[in-house]
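K.L.:
Sharing a structure with you now.
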Amino acid sequence: MSRIGKLPVNLPKGVTVTVSDTNVVSVKGPLGELSQPVSPDLKVNVVDNTIVLERPTDSKTHKSLHGLYRALIANMVIGVSQGFKKELELVGVGYRAEAKGQLLEMSLGYSHDIIMQLPDEVKIETKTERRSNPVITLTSIDKQLIGHVAAKIRSLRPPEPYKGKGIKFVGETLRRKAGKSASV
């Protein structure tokens, strides 16, 4: 059996869940509302303050869908109650970032500045202090969307293994390589 799929999803205070006839799960909380269509094979039950998913058979596809949709629903519940946050750090001389509404303007060592339009669901903050690297903070209720946006920003200048310059997640450890060694 799917160990993840068997676990019930506990609902915190202020979070309500509705399941429509077409198997669309809607989660509403203090931070917003999210919805996710669920496979018609699975059955979503809301009992007291928990959500339980049931599958019809023990086939491989049903087992995988069971764990997948349970994890997606759990992420929606956490998102509407607490929200998600990702922090990216710009490491490099002259690298900077500035937020102007939903536009993110970055200088990453290219001959031009990069301007990126972010979705309305993602809130952005930039922080630049003297003697420290600029930090981009993304917050959203949708875990999948915030992860996609953070990965897109990181892909503009991924960290390189020699000096560590580039855009990296705060707390990410990089595998560093030794540079050229002088011949003796």
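Letters for chains follow the order of the structure tokens (A, B, ...), residue numbers begin at 1 for each chain, and ligand numbers begin at 1 in the order shown.
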Write out as a PDB file with C-alpha atoms, in the first residue's frame each polymer residue whose atoms come within 6 Å of region 76-80 of chain A, counting only C-alpha atoms; drop sequence neighbours fewer than 5 positions from it.
P.N.:
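In the end it all went to result-v5.pdb:
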ATOM      1  CA  GLY A  29      -8.227  29.175   4.023  1.00  0.00           C
ATOM      2  CA  LEU A  31      -4.538  33.133   2.788  1.00  0.00           C
ATOM      3  CA  GLY A  32      -6.631  32.224  -0.263  1.00  0.00           C
ATOM      4  CA  ILE A 141       0.154  29.777  -1.468  1.00  0.00           C
TER       5      ILE A 141
END
K.L.:
Would you mind writing down, as a ChimeraX atom specification, each residue of region 23-106 of chain A that DSSP on the backbone assigns to alpha helix (DSSP H)?
P.N.:
/A:60-81
K.L.:
What's the 12 Å shell around region 100-108 of chain A, counting only C-alpha atoms, without same-chain residues fewer than 2 positions away, as a PyMOL selection string?
P.N.:
chain A and resi 89-98+110-126+134-138+149-150+153-159+165-167
K.L.:
Within 12 Å of region 25-28 of chain A, which residues of region 39-94 of chain A show up? Give each one with its shortest atom-to-atom distance in Å (one decimal) and the two atoms involved, counting only C-alpha atoms, rows by chain then rising residue number, as a Markdown table.
P.N.:
| residue | atom | partner | partner_atom | distance |
| --- | --- | --- | --- | --- |
| A:Ser39 | CA | A:Val25 | CA | 10.6 |
| A:Pro40 | CA | A:Val25 | CA | 11.6 |
| A:Leu42 | CA | A:Val25 | CA | 11.7 |
| A:Lys43 | CA | A:Val25 | CA | 10.8 |
| A:Val44 | CA | A:Val25 | CA | 8.2 |
| A:Asn45 | CA | A:Val25 | CA | 10.3 |
| A:Val46 | CA | A:Val25 | CA | 10.4 |
| A:Ile51 | CA | A:Val25 | CA | 10.4 |
| A:Leu53 | CA | A:Val25 | CA | 11.4 |
| A:Tyr69 | CA | A:Val25 | CA | 10.1 |
| A:Arg70 | CA | A:Val25 | CA | 11.1 |
| A:Leu72 | CA | A:Val25 | CA | 10.3 |
| A:Ile73 | CA | A:Val25 | CA | 7.9 |
| A:Ala74 | CA | A:Val27 | CA | 10.0 |
| A:Asn75 | CA | A:Val27 | CA | 10.3 |
| A:Met76 | CA | A:Val27 | CA | 6.7 |
| A:Val77 | CA | A:Val27 | CA | 6.6 |
| A:Ile78 | CA | A:Val27 | CA | 10.0 |
| A:Gly79 | CA | A:Val27 | CA | 9.5 |
| A:Val80 | CA | A:Lys28 | CA | 6.5 |
| A:Ser81 | CA | A:Lys28 | CA | 8.6 |
K.L.:
Generate a file of the selected residues that holds all heavy atoms, formatted as a short mmCIF file (atom, residue, chain, number, x, y, z; two decimals), in the first residue's frame.
P.N.:
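Result file follows (selection-v5.cif):
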data_model
loop_
_atom_site.label_atom_id
_atom_site.label_comp_id
_atom_site.auth_asym_id
_atom_site.auth_seq_id
_atom_site.Cartn_x
_atom_site.Cartn_y
_atom_site.Cartn_z
N SER A 39 -8.13 12.42 -9.88
CA SER A 39 -8.47 11.32 -10.78
C SER A 39 -9.84 10.75 -10.41
O SER A 39 -10.13 10.56 -9.22
CB SER A 39 -7.40 10.23 -10.68
OG SER A 39 -7.79 9.10 -11.43
N PRO A 40 -10.68 10.47 -11.41
CA PRO A 40 -12.02 9.95 -11.09
C PRO A 40 -11.99 8.57 -10.43
O PRO A 40 -12.97 8.16 -9.81
CB PRO A 40 -12.73 9.89 -12.44
CG PRO A 40 -11.69 10.09 -13.47
CD PRO A 40 -10.49 10.70 -12.82
N LEU A 42 -10.13 7.73 -7.86
CA LEU A 42 -9.95 7.88 -6.42
C LEU A 42 -11.18 8.51 -5.78
O LEU A 42 -11.91 9.28 -6.41
CB LEU A 42 -8.72 8.75 -6.13
CG LEU A 42 -7.39 8.20 -6.61
CD1 LEU A 42 -6.28 9.17 -6.31
CD2 LEU A 42 -7.09 6.86 -5.98
N LYS A 43 -11.38 8.18 -4.52
CA LYS A 43 -12.52 8.70 -3.77
C LYS A 43 -11.98 9.58 -2.64
O LYS A 43 -11.14 9.15 -1.86
CB LYS A 43 -13.30 7.53 -3.20
CG LYS A 43 -14.69 7.83 -2.80
CD LYS A 43 -15.40 6.53 -2.51
CE LYS A 43 -16.67 6.79 -1.74
NZ LYS A 43 -17.30 5.55 -1.31
N VAL A 44 -12.43 10.84 -2.58
CA VAL A 44 -11.98 11.79 -1.56
C VAL A 44 -13.09 11.94 -0.53
O VAL A 44 -14.21 12.32 -0.86
CB VAL A 44 -11.65 13.16 -2.19
CG1 VAL A 44 -11.16 14.12 -1.13
CG2 VAL A 44 -10.62 13.01 -3.30
N ASN A 45 -12.76 11.62 0.74
CA ASN A 45 -13.73 11.72 1.83
C ASN A 45 -13.25 12.76 2.84
O ASN A 45 -12.10 12.74 3.24
CB ASN A 45 -13.90 10.38 2.56
CG ASN A 45 -14.44 9.31 1.63
OD1 ASN A 45 -15.27 9.58 0.77
ND2 ASN A 45 -13.96 8.09 1.80
N VAL A 46 -14.17 13.66 3.24
CA VAL A 46 -13.86 14.63 4.28
C VAL A 46 -14.63 14.19 5.52
O VAL A 46 -15.86 14.23 5.55
CB VAL A 46 -14.27 16.06 3.86
CG1 VAL A 46 -13.93 17.05 4.94
CG2 VAL A 46 -13.60 16.43 2.55
N ILE A 51 -8.97 14.70 5.79
CA ILE A 51 -9.27 14.28 4.42
C ILE A 51 -8.63 12.92 4.23
O ILE A 51 -7.43 12.74 4.51
CB ILE A 51 -8.71 15.26 3.39
CG1 ILE A 51 -9.23 16.67 3.64
CG2 ILE A 51 -9.06 14.82 1.98
CD1 ILE A 51 -8.53 17.72 2.80
N LEU A 53 -8.13 9.74 1.37
CA LEU A 53 -8.27 9.29 -0.01
C LEU A 53 -8.32 7.76 -0.04
O LEU A 53 -7.57 7.10 0.68
CB LEU A 53 -7.10 9.77 -0.87
CG LEU A 53 -7.24 11.14 -1.50
CD1 LEU A 53 -6.91 12.21 -0.49
CD2 LEU A 53 -6.35 11.26 -2.70
N TYR A 69 -2.00 12.37 -5.30
CA TYR A 69 -3.08 13.30 -4.99
C TYR A 69 -3.17 13.60 -3.50
O TYR A 69 -3.55 14.70 -3.12
CB TYR A 69 -4.41 12.78 -5.54
CG TYR A 69 -4.49 12.97 -7.03
CD1 TYR A 69 -4.51 11.89 -7.89
CD2 TYR A 69 -4.52 14.24 -7.58
CE1 TYR A 69 -4.56 12.07 -9.26
CE2 TYR A 69 -4.58 14.44 -8.94
CZ TYR A 69 -4.60 13.34 -9.78
OH TYR A 69 -4.64 13.53 -11.13
N ARG A 70 -2.77 12.66 -2.65
CA ARG A 70 -2.73 12.95 -1.22
C ARG A 70 -1.70 14.04 -0.94
O ARG A 70 -1.94 14.96 -0.18
CB ARG A 70 -2.40 11.68 -0.43
CG ARG A 70 -2.56 11.84 1.08
CD ARG A 70 -1.23 12.17 1.70
NE ARG A 70 -1.36 12.43 3.12
CZ ARG A 70 -0.56 13.22 3.78
NH1 ARG A 70 0.40 13.88 3.16
NH2 ARG A 70 -0.69 13.41 5.06
N LEU A 72 -0.58 16.33 -3.09
CA LEU A 72 -1.04 17.59 -3.67
C LEU A 72 -2.08 18.27 -2.77
O LEU A 72 -2.04 19.49 -2.56
CB LEU A 72 -1.64 17.36 -5.07
CG LEU A 72 -0.65 16.97 -6.17
CD1 LEU A 72 -1.40 16.68 -7.46
CD2 LEU A 72 0.38 18.06 -6.39
N ILE A 73 -2.99 17.48 -2.20
CA ILE A 73 -4.01 18.04 -1.32
C ILE A 73 -3.37 18.55 -0.03
O ILE A 73 -3.71 19.62 0.48
CB ILE A 73 -5.12 17.01 -1.05
CG1 ILE A 73 -5.92 16.77 -2.33
CG2 ILE A 73 -6.04 17.47 0.08
CD1 ILE A 73 -6.90 15.63 -2.26
N ALA A 74 -2.39 17.81 0.50
CA ALA A 74 -1.69 18.25 1.72
C ALA A 74 -0.95 19.56 1.46
O ALA A 74 -0.96 20.46 2.32
CB ALA A 74 -0.72 17.17 2.19
N ASN A 75 -0.33 19.71 0.29
CA ASN A 75 0.35 20.96 -0.06
C ASN A 75 -0.63 22.12 -0.18
O ASN A 75 -0.31 23.25 0.18
CB ASN A 75 1.15 20.80 -1.35
CG ASN A 75 2.40 19.97 -1.16
OD1 ASN A 75 2.89 19.81 -0.04
ND2 ASN A 75 2.90 19.43 -2.24
N MET A 76 -1.84 21.84 -0.70
CA MET A 76 -2.85 22.90 -0.80
C MET A 76 -3.28 23.36 0.59
O MET A 76 -3.44 24.55 0.84
CB MET A 76 -4.06 22.43 -1.61
CG MET A 76 -3.80 22.26 -3.07
SD MET A 76 -5.29 22.07 -4.08
CE MET A 76 -6.23 20.85 -3.23
N VAL A 77 -3.46 22.41 1.51
CA VAL A 77 -3.88 22.75 2.87
C VAL A 77 -2.82 23.59 3.57
O VAL A 77 -3.12 24.61 4.20
CB VAL A 77 -4.20 21.47 3.67
CG1 VAL A 77 -4.39 21.78 5.14
CG2 VAL A 77 -5.43 20.78 3.11
N ILE A 78 -1.55 23.20 3.43
CA ILE A 78 -0.46 23.97 4.04
C ILE A 78 -0.37 25.35 3.38
O ILE A 78 -0.15 26.36 4.06
CB ILE A 78 0.88 23.22 3.90
CG1 ILE A 78 0.86 21.95 4.76
CG2 ILE A 78 2.04 24.10 4.32
CD1 ILE A 78 2.01 21.01 4.50
N GLY A 79 -0.57 25.42 2.07
CA GLY A 79 -0.47 26.68 1.34
C GLY A 79 -1.50 27.70 1.77
O GLY A 79 -1.18 28.87 1.99
N VAL A 80 -2.76 27.28 1.92
CA VAL A 80 -3.81 28.25 2.27
C VAL A 80 -3.79 28.59 3.76
O VAL A 80 -4.38 29.59 4.17
CB VAL A 80 -5.22 27.77 1.86
CG1 VAL A 80 -5.32 27.61 0.36
CG2 VAL A 80 -5.61 26.50 2.59
N SER A 81 -3.10 27.79 4.59
CA SER A 81 -3.05 28.10 6.02
C SER A 81 -1.76 28.82 6.40
O SER A 81 -1.79 29.76 7.19
CB SER A 81 -3.22 26.83 6.85
OG SER A 81 -2.20 25.91 6.57
#
K.L.:
Residues of region 65-116 of chain A classed as strand (DSSP E) by DSSP on the backbone are to be reported as a ChimeraX atom specification.
P.N.:
/A:84-91,96-100,103-107,114-116
K.L.:
Measure the distance from CA of Arg55 (chain A) to CA of Ser35 (chain A) in Å and round it to one decimal.
P.N.:
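According to the coordinates, CA of Arg55 (chain A) and CA of Ser35 (chain A) are separated by 20.1 Å.
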K.L.:
Name the residues in contact with Phe84 (chain A) at a cut-off of 8 Å, using only C-alpha atoms, excluding same-chain residues fewer than 2 positions from it; report them as a list in words.
P.N.:
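Returned residues: Gly79, Gln82, Lys86, Thr139, Ser140, Ile141, Asp142, Lys143 and Ile146 of chain A.
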K.L.:
Separation of CA of Lys13 (chain A) and CA of His148 (chain A), in Å?
P.N.:
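It comes out at 28.7 Å.
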K.L.:
Taking 6 positions as the minimum chain separation for residues in the same chain, which residues sit within 8 Å of Tyr162 (chain A) when counting only C-alpha atoms? Answer as a tab-separated table (two decimals) with N, CA and C atoms, in the first residue's frame.
P.N.:
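Output (result35.tsv):
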chain	number	residue	atom	x	y	z
A	176	ARG	N	31.98	22.23	-4.74
A	176	ARG	CA	33.02	23.09	-5.29
A	176	ARG	C	34.13	22.24	-5.87
A	177	LYS	N	34.74	22.74	-6.94
A	177	LYS	CA	35.86	22.06	-7.59
A	177	LYS	C	37.13	22.87	-7.37
A	178	ALA	N	38.25	22.19	-7.35
A	178	ALA	CA	39.54	22.89	-7.26
A	178	ALA	C	39.85	23.44	-8.63
A	179	GLY	N	40.49	24.60	-8.66
A	179	GLY	CA	40.86	25.21	-9.94
A	179	GLY	C	42.09	24.56	-10.52
